[in-house]
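Okay, query.txt is below, compact mmCIF, C-alpha atoms:
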# COMPACT_ATOMS: atom_id res chain seq x y z
CA MET A 1 7.71 -12.55 -11.99
CA ASN A 2 10.17 -10.89 -9.64
CA GLU A 3 11.46 -13.38 -7.10
CA GLU A 4 13.93 -11.21 -5.30
CA ILE A 5 13.46 -9.77 -1.86
CA LYS A 6 14.56 -6.18 -1.97
CA SER A 7 14.25 -3.20 0.24
CA VAL A 8 11.52 -0.69 -0.52
CA GLU A 9 14.03 1.95 -1.51
CA THR A 10 15.92 -0.34 -3.87
CA VAL A 11 12.73 -1.51 -5.56
CA ILE A 12 11.55 2.07 -6.15
CA THR A 13 14.93 3.03 -7.59
CA GLU A 14 15.07 0.03 -9.88
CA LYS A 15 11.45 -0.47 -10.91
CA GLY A 16 10.10 3.04 -10.47
CA TYR A 17 7.41 1.92 -8.04
CA VAL A 18 6.72 -0.33 -5.08
CA VAL A 19 3.57 -1.68 -3.45
CA ILE A 20 3.67 -2.01 0.32
CA SER A 21 1.36 -2.35 3.29
CA THR A 22 2.12 0.29 5.87
CA SER A 23 2.24 -0.15 9.61
CA GLY A 24 0.97 2.22 12.27
CA ILE A 25 -2.09 4.42 12.67
CA SER A 26 -0.68 7.79 11.65
CA MET A 27 -2.47 7.71 8.29
CA MET A 28 -5.80 6.50 9.63
CA PRO A 29 -8.56 6.47 8.49
CA MET A 30 -7.15 6.31 4.97
CA LEU A 31 -4.55 3.60 5.56
CA ARG A 32 -5.22 0.96 8.19
CA ASP A 33 -2.37 -0.69 10.08
CA ARG A 34 -0.95 -3.51 7.92
CA LYS A 35 -4.26 -3.99 6.12
CA ASP A 36 -4.23 -1.68 3.11
CA THR A 37 -1.67 -1.45 0.36
CA SER A 38 -0.08 1.64 -1.15
CA GLU A 39 1.56 2.03 -4.52
CA ILE A 40 4.46 4.44 -4.20
CA ARG A 41 6.04 5.78 -7.36
CA LYS A 42 9.43 7.33 -7.87
CA LEU A 43 9.35 11.12 -7.82
CA THR A 44 9.48 12.50 -11.34
CA LYS A 45 8.44 16.03 -10.44
CA LYS A 46 8.41 18.29 -7.41
CA PRO A 47 5.75 17.12 -4.95
CA LYS A 48 3.12 19.61 -3.82
CA LYS A 49 0.86 20.29 -0.85
CA TYR A 50 -1.56 17.40 -0.09
CA ASP A 51 0.70 14.81 -1.76
CA VAL A 52 1.49 11.79 0.41
CA VAL A 53 5.22 11.15 0.24
CA LEU A 54 7.59 8.43 1.40
CA PHE A 55 10.66 9.77 3.15
CA LYS A 56 13.56 8.65 5.28
CA LYS A 57 13.40 9.43 8.98
CA GLY A 58 16.46 8.00 10.68
CA THR A 59 16.44 4.30 9.91
CA LYS A 60 12.72 4.23 9.12
CA LEU A 61 10.66 5.00 6.07
CA VAL A 62 7.59 7.16 6.70
CA LEU A 63 4.56 7.73 4.49
CA HIS A 64 2.91 11.05 5.43
CA ARG A 65 1.21 14.04 3.81
CA ILE A 66 2.79 17.35 2.79
CA ILE A 67 0.92 20.14 4.51
CA LYS A 68 3.20 23.03 3.64
CA GLU A 69 6.28 23.94 1.67
CA THR A 70 8.81 26.25 3.36
CA PRO A 71 12.33 27.45 2.51
CA ASP A 72 13.62 24.93 5.11
CA GLY A 73 11.85 22.00 3.48
CA TYR A 74 8.47 20.34 3.36
CA ILE A 75 6.29 20.29 6.48
CA ILE A 76 4.91 16.77 6.55
CA ARG A 77 2.40 15.17 8.93
CA GLY A 78 0.36 11.98 9.20
CA ASP A 79 -3.40 12.49 8.81
CA ASN A 80 -3.91 11.05 12.28
CA SER A 81 -0.82 12.52 13.83
CA TYR A 82 0.00 15.77 15.63
CA GLU A 83 3.72 15.71 15.01
CA ASN A 84 5.15 17.61 12.05
CA ASP A 85 8.39 16.75 10.31
CA THR A 86 10.45 19.16 8.27
CA VAL A 87 11.88 17.17 5.43
CA LYS A 88 14.38 18.26 2.80
CA SER A 89 13.53 17.29 -0.75
CA GLU A 90 16.60 15.02 -0.96
CA SER A 91 15.12 12.79 1.76
CA LEU A 92 11.97 12.15 -0.26
CA ILE A 93 11.89 8.74 -1.91
CA GLY A 94 8.52 8.50 -3.59
CA VAL A 95 4.96 9.73 -3.82
CA LEU A 96 1.71 7.86 -3.23
CA TYR A 97 0.11 7.09 -6.57
CA SER A 98 -2.73 4.89 -5.34
CA PHE A 99 -3.88 2.83 -2.42
CA THR A 100 -6.11 -0.22 -2.16
CA ARG A 101 -8.50 -0.28 0.76
CA LYS A 102 -10.93 -3.16 1.31
CA GLY A 103 -10.11 -4.42 -2.18
CA LYS A 104 -10.91 -1.13 -3.91
CA GLN A 105 -8.20 0.91 -5.58
CA HIS A 106 -8.20 4.70 -5.18
CA THR A 107 -5.75 6.86 -7.07
CA ALA A 108 -4.38 10.21 -5.96
CA LYS A 109 -6.05 11.71 -9.03
CA ASP A 110 -9.57 10.66 -7.98
CA LEU A 111 -11.81 13.61 -7.21
CA SER A 112 -13.08 11.95 -4.03
CA TYR A 113 -9.50 11.46 -2.83
CA ARG A 114 -8.56 15.05 -3.65
CA ILE A 115 -11.54 16.32 -1.66
CA TYR A 116 -10.62 13.98 1.22
CA SER A 117 -6.99 15.16 1.31
CA ARG A 118 -8.00 18.81 1.46
CA LEU A 119 -10.65 18.18 4.11
CA ILE A 120 -8.32 16.16 6.33
CA VAL A 121 -5.74 18.97 6.31
CA PHE A 122 -8.35 21.70 6.78
CA CYS A 123 -10.10 19.89 9.66
CA HIS A 124 -6.90 18.99 11.52
CA PRO A 125 -6.94 21.93 14.02
CA PHE A 126 -10.62 21.26 14.82
CA LYS A 127 -9.90 17.57 15.30
CA ARG A 128 -7.34 18.39 17.97
CA PHE A 129 -9.79 20.76 19.67
CA LEU A 130 -12.56 18.14 19.58
CA GLN A 131 -10.29 15.46 21.02
CA LYS A 132 -9.20 17.76 23.86
CA THR A 133 -12.83 18.68 24.57
CA LYS A 134 -13.81 15.01 24.55
CA SER A 135 -11.05 14.13 27.00
CA ILE A 136 -12.06 17.00 29.35
CA VAL A 137 -15.73 15.90 29.24
CA LYS A 138 -14.69 12.30 29.97
CA ARG A 139 -12.61 13.45 32.95
CA ILE A 140 -15.51 15.52 34.32
CA PHE A 141 -17.89 12.56 34.10
CA ARG A 142 -15.35 10.25 35.72
CA TRP A 143 -14.89 12.78 38.54
CA LYS A 144 -18.66 12.96 39.15
CA MET B 1 -2.55 -26.08 -2.74
CA LYS B 2 -3.69 -22.85 -1.25
CA ILE B 3 -2.46 -19.31 -0.89
CA LYS B 4 -1.20 -18.63 2.61
CA LYS B 5 -3.28 -16.20 4.66
CA GLY B 6 -1.78 -12.70 4.78
CA TYR B 7 -1.05 -12.04 1.11
CA ILE B 8 -3.17 -9.91 -1.16
CA LYS B 9 -3.06 -9.06 -4.82
CA SER B 10 -3.10 -5.38 -5.60
CA LYS B 11 -3.20 -3.43 -8.88
CA ALA B 12 0.16 -1.87 -9.66
CA TYR B 13 1.93 0.13 -12.34
CA GLU B 14 3.00 -2.72 -14.61
CA GLY B 15 0.25 -5.17 -13.77
CA TRP B 16 -0.24 -6.60 -10.31
CA ALA B 17 1.68 -7.00 -7.08
CA VAL B 18 1.35 -9.53 -4.29
CA VAL B 19 1.93 -7.84 -0.96
CA PRO B 20 2.13 -9.24 2.56
CA VAL B 21 -0.34 -7.76 5.05
CA GLY B 22 -1.05 -8.23 8.74
CA GLU B 23 1.33 -10.52 10.62
CA GLU B 24 3.01 -11.64 7.39
CA SER B 25 4.16 -8.06 6.69
CA LYS B 26 6.21 -8.18 9.90
CA LYS B 27 8.18 -11.17 8.65
CA ASN B 28 8.25 -10.44 4.96
CA LYS B 29 8.69 -7.23 2.99
CA ILE B 30 8.58 -9.03 -0.32
CA MET B 31 6.63 -7.63 -3.25
CA LEU B 32 6.03 -10.04 -6.07
CA THR B 33 5.01 -8.55 -9.37
CA LEU B 34 2.59 -10.45 -11.56
CA ASN B 35 1.62 -9.99 -15.18
CA ASP B 36 -2.03 -10.42 -16.19
CA THR B 37 -1.74 -14.18 -16.80
CA ALA B 38 0.08 -14.76 -13.51
CA ALA B 39 -2.61 -12.69 -11.79
CA GLU B 40 -5.28 -14.97 -13.30
CA ILE B 41 -3.42 -18.03 -12.01
CA TRP B 42 -3.24 -16.34 -8.60
CA ASP B 43 -7.02 -15.84 -8.63
CA MET B 44 -7.56 -19.48 -9.58
CA LEU B 45 -5.29 -20.61 -6.74
CA CYS B 46 -7.28 -18.39 -4.38
CA ASP B 47 -10.45 -20.09 -5.64
CA GLY B 48 -8.92 -23.48 -4.80
CA LYS B 49 -8.76 -24.69 -8.41
CA SER B 50 -6.68 -27.78 -9.15
CA LYS B 51 -3.72 -27.70 -11.55
CA ASP B 52 -5.77 -29.51 -14.22
CA GLU B 53 -8.61 -27.03 -13.89
CA MET B 54 -6.15 -24.15 -14.24
CA ILE B 55 -4.57 -25.71 -17.34
CA ASP B 56 -8.02 -26.12 -18.95
CA ALA B 57 -8.94 -22.52 -18.14
CA LEU B 58 -5.71 -21.12 -19.65
CA LYS B 59 -5.99 -23.34 -22.74
CA LYS B 60 -9.52 -22.08 -23.37
CA GLU B 61 -8.72 -18.45 -22.75
CA TYR B 62 -5.45 -18.13 -24.66
CA ASP B 63 -5.84 -20.98 -27.16
CA ILE B 64 -2.48 -22.49 -26.22
CA PRO B 65 -1.29 -26.14 -26.03
CA THR B 66 -1.44 -28.07 -22.75
CA GLU B 67 2.38 -28.05 -22.35
CA GLN B 68 2.59 -24.26 -22.56
CA ALA B 69 -0.23 -23.76 -20.05
CA GLU B 70 1.28 -26.33 -17.70
CA LYS B 71 4.74 -24.75 -17.91
CA GLY B 72 3.37 -21.29 -17.06
CA ILE B 73 1.37 -22.59 -14.12
CA THR B 74 4.27 -24.72 -12.82
CA ASN B 75 6.63 -21.71 -12.92
CA ILE B 76 4.27 -19.61 -10.86
CA ILE B 77 3.50 -22.40 -8.40
CA GLU B 78 7.23 -23.04 -7.90
CA THR B 79 7.93 -19.36 -7.29
CA LEU B 80 5.08 -19.05 -4.79
CA LEU B 81 6.17 -22.23 -2.99
CA LYS B 82 9.77 -20.98 -2.86
CA GLU B 83 8.65 -17.67 -1.36
CA GLY B 84 6.47 -19.49 1.15
CA ILE B 85 3.28 -17.85 -0.15
CA LEU B 86 1.70 -21.09 -1.33
CA GLU B 87 1.04 -24.05 0.92
CA GLU B 88 0.83 -27.65 -0.29
For the structure just supplied, provide its representation as structure tokens.
Amino acid sequence: MNEEIKSVETVITEKGYVVISTSGISMMPMLRDRKDTSEIRKLTKKPKKYDVVLFKKGTKLVLHRIIKETPDGYIIRGDNSYENDTVKSESLIGVLYSFTRKGKQHTAKDLSYRIYSRLIVFCHPFKRFLQKTKSIVKRIFRWK
Amino acid sequence: MKIKKGYIKSKAYEGWAVVPVGEESKKNKIMLTLNDTAAEIWDMLCDGKSKDEMIDALKKEYDIPTEQAEKGITNIIETLLKEGILEE
């Protein structure tokens, strides 16, 4: 049993993995704020599009999805976020291996998860359009 | 003894991990790793089993003497108490 309190980064480096609960809503609906747990493993190979990676952003650690690879770095975004980050491979710390939601473990290899990750990236532009439309409709009804 | 609210057991690479969630995750970033036996003890603690009940269960399952079962359980209880995950 490991009794030591270590930082996420140190644990990944030493043990090869870490299990954490993430905060924030940027990976909703997959990961709920401080409710679900994610197993992050040390990178052993080059991550690819749709992988969820842990990276350093200033003094914070962020767990978001790769949506594109460019010569400048990976374009990474939260499933429920509209802000992209360009991240160099040296800033990547680990990759999501599995997550446990409502007591059920899902791995990144599961077919259902792979379908979900592709759909969430594909539907992203429509989601933004739908949200804008919804907000316009709400404003119209409020005005009436 | 009972497990403090805000800690969950999750499957991990080498066995199991105990991770703080909700409000506890704001105070504590600790990840405790558990092997399969420790995970069983965790489950029994969650079920509110007494130390004697846990000793009996381990003796039956692993065919080990009382002292060995008690030592294993005591070690885990002490660690959980030290980390503030278990309440008296």
Could the residues of chain A within 10 Å of chain B, counting only C-alpha atoms, be given as a compact mmCIF listing (two decimals) with C-alpha atoms, keeping the file's coordinate frame, please?
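Ended up saving to iface14.txt:
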# COMPACT_ATOMS: atom_id res chain seq x y z
CA MET A 1 7.71 -12.55 -11.99
CA ASN A 2 10.17 -10.89 -9.64
CA GLU A 3 11.46 -13.38 -7.10
CA GLU A 4 13.93 -11.21 -5.30
CA ILE A 5 13.46 -9.77 -1.86
CA LYS A 6 14.56 -6.18 -1.97
CA SER A 7 14.25 -3.20 0.24
CA VAL A 8 11.52 -0.69 -0.52
CA VAL A 11 12.73 -1.51 -5.56
CA LYS A 15 11.45 -0.47 -10.91
CA GLY A 16 10.10 3.04 -10.47
CA TYR A 17 7.41 1.92 -8.04
CA VAL A 18 6.72 -0.33 -5.08
CA VAL A 19 3.57 -1.68 -3.45
CA ILE A 20 3.67 -2.01 0.32
CA SER A 21 1.36 -2.35 3.29
CA THR A 22 2.12 0.29 5.87
CA SER A 23 2.24 -0.15 9.61
CA ASP A 33 -2.37 -0.69 10.08
CA ARG A 34 -0.95 -3.51 7.92
CA LYS A 35 -4.26 -3.99 6.12
CA ASP A 36 -4.23 -1.68 3.11
CA THR A 37 -1.67 -1.45 0.36
CA SER A 38 -0.08 1.64 -1.15
CA GLU A 39 1.56 2.03 -4.52
CA ILE A 40 4.46 4.44 -4.20
CA ARG A 41 6.04 5.78 -7.36
CA TYR A 97 0.11 7.09 -6.57
CA SER A 98 -2.73 4.89 -5.34
CA PHE A 99 -3.88 2.83 -2.42
CA THR A 100 -6.11 -0.22 -2.16
CA ARG A 101 -8.50 -0.28 0.76
CA GLY A 103 -10.11 -4.42 -2.18
CA LYS A 104 -10.91 -1.13 -3.91
CA GLN A 105 -8.20 0.91 -5.58
### Task
Would you list the contacts of region 76-82 of chain A as an MDAnalysis selection string, taking every protein, DNA or RNA residue within 8 Å and counting all atoms listed in the file, but skipping same-chain residues closer than 5 positions in sequence?
chainID A and resid 25:29 63:68 87 120:121 124
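Shortest atom-to-atom contact with Glu87 (chain B) among B:Ile41, B:Ala57, B:Glu67, B:Gly48: B:Gly48, counting only C-alpha atoms.
Across B:Glu70, B:Asp63, B:Glu78, B:Glu88, the tightest approach to Lys51 (chain B) is made by B:Glu70 when counting all atoms listed in the file.
CA of Val62 (chain A) is found 24.4 Å from CA of Phe126 (chain A).
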Spatial neighbours of Lys109 (chain A), max dist 12 Å, only C-alpha atoms, sep filter under 5 positions, as a PDB file with C-alpha atoms, in the coordinates of the input:
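File produced: selection02.pdb:
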ATOM      1  CA  TYR A  50      -1.560  17.400  -0.090  1.00  0.00           C
ATOM      2  CA  ASP A  51       0.700  14.810  -1.760  1.00  0.00           C
ATOM      3  CA  LEU A  96       1.710   7.860  -3.230  1.00  0.00           C
ATOM      4  CA  TYR A  97       0.110   7.090  -6.570  1.00  0.00           C
ATOM      5  CA  SER A  98      -2.730   4.890  -5.340  1.00  0.00           C
ATOM      6  CA  PHE A  99      -3.880   2.830  -2.420  1.00  0.00           C
ATOM      7  CA  ARG A 114      -8.560  15.050  -3.650  1.00  0.00           C
ATOM      8  CA  ILE A 115     -11.540  16.320  -1.660  1.00  0.00           C
ATOM      9  CA  TYR A 116     -10.620  13.980   1.220  1.00  0.00           C
ATOM     10  CA  SER A 117      -6.990  15.160   1.310  1.00  0.00           C
TER      11      SER A 117
END
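The gap separating CA of Trp42 (chain B) from CA of Asp110 (chain A) is 27.7 Å, in Å to one decimal.
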## Note on the structure
For Thr10 (chain A), the closest of A:Pro71, A:Gly58, A:Gly94, A:Pro125 counting only C-alpha atoms is A:Gly94
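Straight-line separation from CA of Lys60 (chain A) to CA of Thr44 (chain A): 22.3 Å.
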Any chance you could work out the axis-aligned box around region 61-72 of chain B, listed atoms only, 5 Å on each side, giving centre and edge lengths in Å to one decimal, as JSON?
{"center_x": -2.0, "center_y": -23.1, "center_z": -22.1, "size_x": 23.5, "size_y": 19.9, "size_z": 20.1}
Would you list the residues near (0.8, -27.6, -18.2) (no more than 10 Å away, in the coordinates of the file, using all atoms listed in the file) as a JSON list (two decimals) with C-alpha atoms, keeping the file's coordinate frame?
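Written file, out-v1.json:
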[["chain", "number", "residue", "atom", "x", "y", "z"],
["B", 51, "LYS", "CA", -3.72, -27.70, -11.55],
["B", 52, "ASP", "CA", -5.77, -29.51, -14.22],
["B", 54, "MET", "CA", -6.15, -24.15, -14.24],
["B", 55, "ILE", "CA", -4.57, -25.71, -17.34],
["B", 56, "ASP", "CA", -8.02, -26.12, -18.95],
["B", 58, "LEU", "CA", -5.71, -21.12, -19.65],
["B", 59, "LYS", "CA", -5.99, -23.34, -22.74],
["B", 65, "PRO", "CA", -1.29, -26.14, -26.03],
["B", 66, "THR", "CA", -1.44, -28.07, -22.75],
["B", 67, "GLU", "CA", 2.38, -28.05, -22.35],
["B", 68, "GLN", "CA", 2.59, -24.26, -22.56],
["B", 69, "ALA", "CA", -0.23, -23.76, -20.05],
["B", 70, "GLU", "CA", 1.28, -26.33, -17.70],
["B", 71, "LYS", "CA", 4.74, -24.75, -17.91],
["B", 72, "GLY", "CA", 3.37, -21.29, -17.06],
["B", 73, "ILE", "CA", 1.37, -22.59, -14.12],
["B", 74, "THR", "CA", 4.27, -24.72, -12.82],
["B", 75, "ASN", "CA", 6.63, -21.71, -12.92]]
Restricted to C-alpha atoms, what does chain B look like when written out as a PDB file, in the first residue's frame?
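Written file, decode.pdb:
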ATOM      1  CA  MET B   1     -15.072   2.162  11.927  1.00  0.00           C
ATOM      2  CA  LYS B   2     -16.265   3.507   8.654  1.00  0.00           C
ATOM      3  CA  ILE B   3     -14.812   4.851   5.445  1.00  0.00           C
ATOM      4  CA  LYS B   4     -15.086   8.616   5.272  1.00  0.00           C
ATOM      5  CA  LYS B   5     -17.469   9.962   2.641  1.00  0.00           C
ATOM      6  CA  GLY B   6     -15.679  11.194  -0.482  1.00  0.00           C
ATOM      7  CA  TYR B   7     -13.363   8.288  -1.250  1.00  0.00           C
ATOM      8  CA  ILE B   8     -13.970   5.685  -3.910  1.00  0.00           C
ATOM      9  CA  LYS B   9     -12.177   2.558  -4.980  1.00  0.00           C
ATOM     10  CA  SER B  10     -11.353   2.370  -8.638  1.00  0.00           C
ATOM     11  CA  LYS B  11      -9.750  -0.330 -10.805  1.00  0.00           C
ATOM     12  CA  ALA B  12      -6.193   0.565 -11.734  1.00  0.00           C
ATOM     13  CA  TYR B  13      -3.183  -0.829 -13.549  1.00  0.00           C
ATOM     14  CA  GLU B  14      -1.662  -2.850 -10.708  1.00  0.00           C
ATOM     15  CA  GLY B  15      -4.829  -3.578  -8.785  1.00  0.00           C
ATOM     16  CA  TRP B  16      -6.957  -0.874  -7.227  1.00  0.00           C
ATOM     17  CA  ALA B  17      -6.684   2.760  -6.240  1.00  0.00           C
ATOM     18  CA  VAL B  18      -8.540   4.770  -3.633  1.00  0.00           C
ATOM     19  CA  VAL B  19      -9.207   8.253  -4.936  1.00  0.00           C
ATOM     20  CA  PRO B  20     -10.744  11.304  -3.274  1.00  0.00           C
ATOM     21  CA  VAL B  21     -13.794  12.749  -5.023  1.00  0.00           C
ATOM     22  CA  GLY B  22     -16.082  15.716  -4.437  1.00  0.00           C
ATOM     23  CA  GLU B  23     -15.090  18.051  -1.610  1.00  0.00           C
ATOM     24  CA  GLU B  24     -12.374  15.663  -0.418  1.00  0.00           C
ATOM     25  CA  SER B  25     -10.529  16.022  -3.748  1.00  0.00           C
ATOM     26  CA  LYS B  26     -10.102  19.740  -3.010  1.00  0.00           C
ATOM     27  CA  LYS B  27      -8.239  18.982   0.205  1.00  0.00           C
ATOM     28  CA  ASN B  28      -6.487  15.799  -0.759  1.00  0.00           C
ATOM     29  CA  LYS B  29      -4.782  14.668  -3.953  1.00  0.00           C
ATOM     30  CA  ILE B  30      -3.725  11.380  -2.448  1.00  0.00           C
ATOM     31  CA  MET B  31      -4.004   8.149  -4.401  1.00  0.00           C
ATOM     32  CA  LEU B  32      -3.674   5.008  -2.356  1.00  0.00           C
ATOM     33  CA  THR B  33      -2.958   1.837  -4.248  1.00  0.00           C
ATOM     34  CA  LEU B  34      -4.456  -1.404  -3.006  1.00  0.00           C
ATOM     35  CA  ASN B  35      -3.703  -4.993  -3.902  1.00  0.00           C
ATOM     36  CA  ASP B  36      -6.586  -7.459  -4.258  1.00  0.00           C
ATOM     37  CA  THR B  37      -6.604  -8.440  -0.567  1.00  0.00           C
ATOM     38  CA  ALA B  38      -6.476  -4.819   0.593  1.00  0.00           C
ATOM     39  CA  ALA B  39      -9.317  -4.071  -1.830  1.00  0.00           C
ATOM     40  CA  GLU B  40     -11.376  -6.854  -0.221  1.00  0.00           C
ATOM     41  CA  ILE B  41     -10.715  -5.369   3.222  1.00  0.00           C
ATOM     42  CA  TRP B  42     -11.768  -1.979   1.843  1.00  0.00           C
ATOM     43  CA  ASP B  43     -15.053  -3.485   0.630  1.00  0.00           C
ATOM     44  CA  MET B  44     -15.661  -5.092   4.022  1.00  0.00           C
ATOM     45  CA  LEU B  45     -15.008  -1.767   5.761  1.00  0.00           C
ATOM     46  CA  CYS B  46     -17.482  -0.132   3.377  1.00  0.00           C
ATOM     47  CA  ASP B  47     -20.012  -2.814   4.333  1.00  0.00           C
ATOM     48  CA  GLY B  48     -19.499  -1.926   8.005  1.00  0.00           C
ATOM     49  CA  LYS B  49     -17.981  -5.285   8.967  1.00  0.00           C
ATOM     50  CA  SER B  50     -16.251  -5.548  12.345  1.00  0.00           C
ATOM     51  CA  LYS B  51     -12.575  -6.487  12.663  1.00  0.00           C
ATOM     52  CA  ASP B  52     -13.514  -9.996  13.847  1.00  0.00           C
ATOM     53  CA  GLU B  53     -15.838 -10.503  10.894  1.00  0.00           C
ATOM     54  CA  MET B  54     -13.073  -9.394   8.526  1.00  0.00           C
ATOM     55  CA  ILE B  55     -10.565 -11.761  10.138  1.00  0.00           C
ATOM     56  CA  ASP B  56     -13.013 -14.685   9.766  1.00  0.00           C
ATOM     57  CA  ALA B  57     -13.656 -13.809   6.119  1.00  0.00           C
ATOM     58  CA  LEU B  58      -9.931 -13.640   5.265  1.00  0.00           C
ATOM     59  CA  LYS B  59      -9.170 -16.863   7.162  1.00  0.00           C
ATOM     60  CA  LYS B  60     -11.863 -18.694   5.204  1.00  0.00           C
ATOM     61  CA  GLU B  61     -10.894 -17.276   1.852  1.00  0.00           C
ATOM     62  CA  TYR B  62      -7.115 -17.617   2.037  1.00  0.00           C
ATOM     63  CA  ASP B  63      -6.805 -20.442   4.574  1.00  0.00           C
ATOM     64  CA  ILE B  64      -4.426 -18.432   6.762  1.00  0.00           C
ATOM     65  CA  PRO B  65      -3.974 -18.309  10.574  1.00  0.00           C
ATOM     66  CA  THR B  66      -5.791 -15.697  12.668  1.00  0.00           C
ATOM     67  CA  GLU B  67      -2.556 -13.769  13.412  1.00  0.00           C
ATOM     68  CA  GLN B  68      -1.728 -13.322   9.729  1.00  0.00           C
ATOM     69  CA  ALA B  69      -5.242 -12.145   8.874  1.00  0.00           C
ATOM     70  CA  GLU B  70      -5.279  -9.778  11.843  1.00  0.00           C
ATOM     71  CA  LYS B  71      -1.876  -8.330  10.947  1.00  0.00           C
ATOM     72  CA  GLY B  72      -2.960  -7.614   7.367  1.00  0.00           C
ATOM     73  CA  ILE B  73      -6.191  -5.975   8.463  1.00  0.00           C
ATOM     74  CA  THR B  74      -4.472  -3.930  11.189  1.00  0.00           C
ATOM     75  CA  ASN B  75      -1.893  -2.621   8.696  1.00  0.00           C
ATOM     76  CA  ILE B  76      -4.577  -1.415   6.327  1.00  0.00           C
ATOM     77  CA  ILE B  77      -6.722   0.072   9.085  1.00  0.00           C
ATOM     78  CA  GLU B  78      -3.705   1.960  10.470  1.00  0.00           C
ATOM     79  CA  THR B  79      -2.810   3.333   7.047  1.00  0.00           C
ATOM     80  CA  LEU B  80      -6.375   4.456   6.370  1.00  0.00           C
ATOM     81  CA  LEU B  81      -6.632   6.062   9.814  1.00  0.00           C
ATOM     82  CA  LYS B  82      -3.297   7.837   9.300  1.00  0.00           C
ATOM     83  CA  GLU B  83      -4.460   9.216   5.954  1.00  0.00           C
ATOM     84  CA  GLY B  84      -7.750  10.318   7.483  1.00  0.00           C
ATOM     85  CA  ILE B  85      -9.792   8.078   5.182  1.00  0.00           C
ATOM     86  CA  LEU B  86     -11.169   5.899   7.959  1.00  0.00           C
ATOM     87  CA  GLU B  87     -13.152   7.221  10.888  1.00  0.00           C
ATOM     88  CA  GLU B  88     -13.333   5.525  14.288  1.00  0.00           C
TER      89      GLU B  88
END
